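Asks: Structure below; questions to follow.
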Amino acid sequence: NAGVMQNPRHLVRRRGQEARLRCSPMKGHSHVYWYRQLPEEGLKFMVYLQKENIIDESGMPKERFSAEFPKEGPSILRIQQVVRGDSAAYFCASSQPTGSVGEQYFGPGTRLTVT
Amino acid sequence: AQTVTQSQPEMSVQEAETVTLSCTYDTSESDYYLFWYKQPPSRQMILVIRQEAYKQQNATENRFSVNFQKAAKSFSLKISDSQLGDAAMYFCAYRPIFGNEKLTFGTGTRLTIIP
């Protein structure tokens, strides 16, 4: 059973470009979470999605950031017009539906560098 | 809002010795989960141990155990017989059982193992 997959592992973008980060949850998991880790800091929650629904986006910046989890395919975190402050590691996690222990399994992360 | 505090930015321990990492949290909930995650240099987030707040018994996983003090809102991690592979960042995390499923992380403790 493959774990949570994220790609790319490393992404370099120039200021003003768009970044697309992909996350495929573990098989059987319908909940996806995105977290951001700035250098030398802990992980900060960004958004929580279920298939075709955004459940909680309270941690997402209001502008330039969006996320989706379509019926088919991976979850996408999209950052438009990237700035240097967006440089960070972005982690995706997945879990089974509510009612279980709620353990979240993390992917290896995507390290975004904005030049 | 829930907060998680790790007051030790760095810790070191001699190989084969025991070390305890501290974590305190603040919540108004009565039922919740607490976790310790390990992040080695590869940056992969690995679940080390989990505690359900409604369980009085402290969780144990091989060389890893916790001291959960619910009234004091304290959740420390004890690593026995420390090994070189234990060197990593360790993050304490909180999640309510009901409602919002996001994890709230502490700022982490960097653990160094001295050969």
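Numbering starts fresh at 1 for the residues of each chain in the structure tokens, the chains themselves are lettered A, B, ... in the order given, and ligands are numbered from 1 as they appear.
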Write out as a Markdown table the residues of chain A that have any atom within 6 Å of an atom of chain B, one row each with the nearest atom pair and its distance in Å to one decimal, counting only C-alpha atoms, sorted by chain and then rising number.
Replies:
```
| residue | atom | partner | partner_atom | distance |
| --- | --- | --- | --- | --- |
| A:Glu41 | CA | B:Thr107 | CA | 5.6 |
| A:Gly42 | CA | B:Thr107 | CA | 4.5 |
| A:Phe106 | CA | B:Met45 | CA | 5.9 |
| A:Pro108 | CA | B:Gln44 | CA | 4.8 |
```
Asks: Could you list, as a VMD selection string, every residue within 6 Å of Lys78 in chain B, counting only C-alpha atoms and ignoring same-chain residues fewer than 6 positions away?
Replies: chain B and resid 19 to 20 64 to 66
Asks: Determine, counting only C-alpha atoms, which protein, DNA and RNA residues have an atom within 6 Å of an atom of range 3-19 of chain A; residues of the same chain fewer than 2 positions away are not included. Present the result as a list in words.
Replies: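 The neighbour list is Arg22, Cys23, Ser24, Pro25, Met26, Arg78, Ile79, Gln80, Gln81, Val82, Val83, Gly107, Thr110, Arg111, Leu112, Thr113, Val114 and Thr115 of chain A.
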Asks: Those same residues - N, CA, C and O atoms - I'd like them written as a PDB file, in the first residue's frame.
Replies:
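Output file again14.pdb is given in full below:
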```
ATOM      1  N   ARG A  22       1.334  18.821  -6.111  1.00  0.00           N
ATOM      2  CA  ARG A  22       0.369  17.730  -6.207  1.00  0.00           C
ATOM      3  C   ARG A  22       0.506  16.765  -5.040  1.00  0.00           C
ATOM      4  O   ARG A  22       1.616  16.520  -4.548  1.00  0.00           O
ATOM      5  N   CYS A  23      -0.622  16.213  -4.669  1.00  0.00           N
ATOM      6  CA  CYS A  23      -0.647  15.265  -3.548  1.00  0.00           C
ATOM      7  C   CYS A  23      -1.643  14.151  -3.843  1.00  0.00           C
ATOM      8  O   CYS A  23      -2.824  14.414  -4.093  1.00  0.00           O
ATOM      9  N   SER A  24      -1.160  12.911  -3.821  1.00  0.00           N
ATOM     10  CA  SER A  24      -2.035  11.750  -3.948  1.00  0.00           C
ATOM     11  C   SER A  24      -2.131  11.069  -2.594  1.00  0.00           C
ATOM     12  O   SER A  24      -1.110  10.608  -2.062  1.00  0.00           O
ATOM     13  N   PRO A  25      -3.326  11.022  -1.997  1.00  0.00           N
ATOM     14  CA  PRO A  25      -3.456  10.434  -0.659  1.00  0.00           C
ATOM     15  C   PRO A  25      -3.273   8.925  -0.684  1.00  0.00           C
ATOM     16  O   PRO A  25      -3.242   8.303  -1.747  1.00  0.00           O
ATOM     17  N   MET A  26      -3.142   8.364   0.494  1.00  0.00           N
ATOM     18  CA  MET A  26      -3.067   6.909   0.613  1.00  0.00           C
ATOM     19  C   MET A  26      -4.368   6.299   0.119  1.00  0.00           C
ATOM     20  O   MET A  26      -5.446   6.915   0.202  1.00  0.00           O
ATOM     21  N   ARG A  78      -2.181  25.398  -5.361  1.00  0.00           N
ATOM     22  CA  ARG A  78      -1.738  26.304  -6.407  1.00  0.00           C
ATOM     23  C   ARG A  78      -1.368  27.643  -5.790  1.00  0.00           C
ATOM     24  O   ARG A  78      -2.131  28.202  -4.996  1.00  0.00           O
ATOM     25  N   ILE A  79      -0.186  28.131  -6.145  1.00  0.00           N
ATOM     26  CA  ILE A  79       0.262  29.438  -5.673  1.00  0.00           C
ATOM     27  C   ILE A  79       0.538  30.298  -6.900  1.00  0.00           C
ATOM     28  O   ILE A  79       1.419  29.982  -7.708  1.00  0.00           O
ATOM     29  N   GLN A  80      -0.226  31.350  -7.036  1.00  0.00           N
ATOM     30  CA  GLN A  80      -0.046  32.246  -8.180  1.00  0.00           C
ATOM     31  C   GLN A  80       0.914  33.379  -7.816  1.00  0.00           C
ATOM     32  O   GLN A  80       1.004  33.787  -6.652  1.00  0.00           O
ATOM     33  N   GLN A  81       1.639  33.854  -8.806  1.00  0.00           N
ATOM     34  CA  GLN A  81       2.521  35.017  -8.654  1.00  0.00           C
ATOM     35  C   GLN A  81       3.386  34.876  -7.405  1.00  0.00           C
ATOM     36  O   GLN A  81       3.334  35.722  -6.495  1.00  0.00           O
ATOM     37  N   VAL A  82       4.174  33.828  -7.359  1.00  0.00           N
ATOM     38  CA  VAL A  82       4.945  33.521  -6.160  1.00  0.00           C
ATOM     39  C   VAL A  82       5.898  34.663  -5.810  1.00  0.00           C
ATOM     40  O   VAL A  82       6.390  35.396  -6.678  1.00  0.00           O
ATOM     41  N   VAL A  83       6.125  34.802  -4.497  1.00  0.00           N
ATOM     42  CA  VAL A  83       7.072  35.770  -3.956  1.00  0.00           C
ATOM     43  C   VAL A  83       8.089  35.003  -3.106  1.00  0.00           C
ATOM     44  O   VAL A  83       7.871  33.833  -2.762  1.00  0.00           O
ATOM     45  N   GLY A 107       3.088  12.975   3.468  1.00  0.00           N
ATOM     46  CA  GLY A 107       3.943  12.762   2.318  1.00  0.00           C
ATOM     47  C   GLY A 107       5.331  13.318   2.581  1.00  0.00           C
ATOM     48  O   GLY A 107       5.575  13.909   3.633  1.00  0.00           O
ATOM     49  N   THR A 110       7.062  18.925  -0.579  1.00  0.00           N
ATOM     50  CA  THR A 110       7.611  19.617  -1.751  1.00  0.00           C
ATOM     51  C   THR A 110       8.329  20.855  -1.246  1.00  0.00           C
ATOM     52  O   THR A 110       7.734  21.676  -0.543  1.00  0.00           O
ATOM     53  N   ARG A 111       9.605  20.953  -1.595  1.00  0.00           N
ATOM     54  CA  ARG A 111      10.362  22.133  -1.192  1.00  0.00           C
ATOM     55  C   ARG A 111      10.318  23.143  -2.329  1.00  0.00           C
ATOM     56  O   ARG A 111      10.852  22.897  -3.412  1.00  0.00           O
ATOM     57  N   LEU A 112       9.658  24.260  -2.061  1.00  0.00           N
ATOM     58  CA  LEU A 112       9.524  25.328  -3.054  1.00  0.00           C
ATOM     59  C   LEU A 112      10.565  26.401  -2.777  1.00  0.00           C
ATOM     60  O   LEU A 112      10.667  26.907  -1.651  1.00  0.00           O
ATOM     61  N   THR A 113      11.320  26.723  -3.812  1.00  0.00           N
ATOM     62  CA  THR A 113      12.301  27.805  -3.729  1.00  0.00           C
ATOM     63  C   THR A 113      11.916  28.856  -4.751  1.00  0.00           C
ATOM     64  O   THR A 113      11.774  28.546  -5.945  1.00  0.00           O
ATOM     65  N   VAL A 114      11.752  30.080  -4.294  1.00  0.00           N
ATOM     66  CA  VAL A 114      11.424  31.194  -5.187  1.00  0.00           C
ATOM     67  C   VAL A 114      12.665  32.071  -5.333  1.00  0.00           C
ATOM     68  O   VAL A 114      13.222  32.554  -4.343  1.00  0.00           O
ATOM     69  N   THR A 115      13.092  32.230  -6.570  1.00  0.00           N
ATOM     70  CA  THR A 115      14.315  33.007  -6.813  1.00  0.00           C
ATOM     71  C   THR A 115      13.986  34.397  -7.347  1.00  0.00           C
ATOM     72  O   THR A 115      12.847  34.668  -7.755  1.00  0.00           O
TER      73      THR A 115
END
```
Asks: Where does DSSP see strand (DSSP E) in chain B, if you list the residues as a VMD selection string?
Replies: chain B and resid 3 to 5 10 to 14 19 to 21 24 to 26 32 to 39 46 to 52 60 to 61 64 to 69 74 to 79 88 to 96 104 to 105 109 to 114
Asks: Using C-alpha atoms, can you export the residues from the last selection as a PDB file, in the first residue's frame?
Replies:
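Heads up, here's the output in part05.pdb:
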```
ATOM      1  CA  THR B   3      -1.694  26.230  21.234  1.00  0.00           C
ATOM      2  CA  VAL B   4       1.210  23.837  21.610  1.00  0.00           C
ATOM      3  CA  THR B   5       4.468  24.904  23.249  1.00  0.00           C
ATOM      4  CA  GLU B  10      17.598  21.902  21.244  1.00  0.00           C
ATOM      5  CA  MET B  11      18.492  18.886  23.330  1.00  0.00           C
ATOM      6  CA  SER B  12      21.385  16.469  23.286  1.00  0.00           C
ATOM      7  CA  VAL B  13      21.896  13.055  24.825  1.00  0.00           C
ATOM      8  CA  GLN B  14      24.649  10.505  25.003  1.00  0.00           C
ATOM      9  CA  VAL B  19      16.207  11.848  27.226  1.00  0.00           C
ATOM     10  CA  THR B  20      12.877  13.584  27.835  1.00  0.00           C
ATOM     11  CA  LEU B  21      11.380  16.185  25.504  1.00  0.00           C
ATOM     12  CA  THR B  24       2.630  21.698  26.966  1.00  0.00           C
ATOM     13  CA  TYR B  25      -0.619  22.655  25.315  1.00  0.00           C
ATOM     14  CA  ASP B  26      -3.645  24.786  25.918  1.00  0.00           C
ATOM     15  CA  TYR B  32      -8.499  15.232  22.022  1.00  0.00           C
ATOM     16  CA  TYR B  33      -5.480  13.451  20.586  1.00  0.00           C
ATOM     17  CA  LEU B  34      -1.833  14.231  21.153  1.00  0.00           C
ATOM     18  CA  PHE B  35       1.005  13.121  18.916  1.00  0.00           C
ATOM     19  CA  TRP B  36       4.770  13.157  18.691  1.00  0.00           C
ATOM     20  CA  TYR B  37       6.196  13.331  15.171  1.00  0.00           C
ATOM     21  CA  LYS B  38       9.832  12.872  14.194  1.00  0.00           C
ATOM     22  CA  GLN B  39      11.372  14.753  11.270  1.00  0.00           C
ATOM     23  CA  ILE B  46       7.057  10.168  10.916  1.00  0.00           C
ATOM     24  CA  LEU B  47       4.503   9.447  13.616  1.00  0.00           C
ATOM     25  CA  VAL B  48       6.306   8.276  16.750  1.00  0.00           C
ATOM     26  CA  ILE B  49       3.506   7.885  19.279  1.00  0.00           C
ATOM     27  CA  ARG B  50      -0.121   8.819  19.887  1.00  0.00           C
ATOM     28  CA  GLN B  51      -2.143   9.443  23.064  1.00  0.00           C
ATOM     29  CA  GLU B  52      -5.904   9.674  23.416  1.00  0.00           C
ATOM     30  CA  THR B  60       4.333   3.278  24.860  1.00  0.00           C
ATOM     31  CA  GLU B  61       5.970   2.243  21.577  1.00  0.00           C
ATOM     32  CA  PHE B  64       9.391   5.645  23.197  1.00  0.00           C
ATOM     33  CA  SER B  65       6.929   6.481  25.958  1.00  0.00           C
ATOM     34  CA  VAL B  66       4.966   9.501  27.051  1.00  0.00           C
ATOM     35  CA  ASN B  67       4.144  11.110  30.363  1.00  0.00           C
ATOM     36  CA  PHE B  68       0.653  12.502  29.870  1.00  0.00           C
ATOM     37  CA  GLN B  69      -0.553  14.813  32.631  1.00  0.00           C
ATOM     38  CA  SER B  74       1.633  18.350  29.713  1.00  0.00           C
ATOM     39  CA  PHE B  75       2.723  15.674  27.228  1.00  0.00           C
ATOM     40  CA  SER B  76       6.418  14.787  27.396  1.00  0.00           C
ATOM     41  CA  LEU B  77       8.241  12.193  25.286  1.00  0.00           C
ATOM     42  CA  LYS B  78      10.824   9.888  26.819  1.00  0.00           C
ATOM     43  CA  ILE B  79      13.314   8.143  24.566  1.00  0.00           C
ATOM     44  CA  ALA B  88      15.942  14.515  14.335  1.00  0.00           C
ATOM     45  CA  MET B  89      13.510  17.337  14.946  1.00  0.00           C
ATOM     46  CA  TYR B  90      10.654  16.244  17.197  1.00  0.00           C
ATOM     47  CA  PHE B  91       7.282  17.947  16.998  1.00  0.00           C
ATOM     48  CA  CYS B  92       4.445  17.708  19.471  1.00  0.00           C
ATOM     49  CA  ALA B  93       0.970  18.045  17.929  1.00  0.00           C
ATOM     50  CA  TYR B  94      -2.633  18.365  19.110  1.00  0.00           C
ATOM     51  CA  ARG B  95      -5.933  17.545  17.461  1.00  0.00           C
ATOM     52  CA  PRO B  96      -9.462  17.692  18.868  1.00  0.00           C
ATOM     53  CA  THR B 104      -1.650  22.132  15.674  1.00  0.00           C
ATOM     54  CA  PHE B 105       2.117  21.725  15.987  1.00  0.00           C
ATOM     55  CA  THR B 109      12.967  20.320  19.514  1.00  0.00           C
ATOM     56  CA  ARG B 110      16.158  19.405  17.693  1.00  0.00           C
ATOM     57  CA  LEU B 111      17.614  16.264  19.267  1.00  0.00           C
ATOM     58  CA  THR B 112      21.308  15.492  18.848  1.00  0.00           C
ATOM     59  CA  ILE B 113      22.733  12.092  19.787  1.00  0.00           C
ATOM     60  CA  ILE B 114      26.331  12.146  21.016  1.00  0.00           C
TER      61      ILE B 114
END
```
Asks: Mind pulling up the distance from CA of Pro9 in chain B to CA of Ala89 in chain A?
Replies: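 Between CA of Ala89 in chain A and CA of Pro9 in chain B the gap works out to 19.6 Å.
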Asks: Between A:Pro39, A:His31, A:Lys71, A:Ile76, which residue has the minimum interatomic distance to Ile55 in chain A, considering only C-alpha atoms?
Replies: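 For Ile55 in chain A, the nearest of the candidates is A:His31.
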Asks: Between B:Ser7, B:Pro40, B:Gln2, B:Ala72, which has the minimum distance to Cys23 in chain B (counting only C-alpha atoms)?
Replies: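 Among B:Ser7, B:Pro40, B:Gln2, B:Ala72, it is B:Ser7 that comes nearest to Cys23 in chain B.
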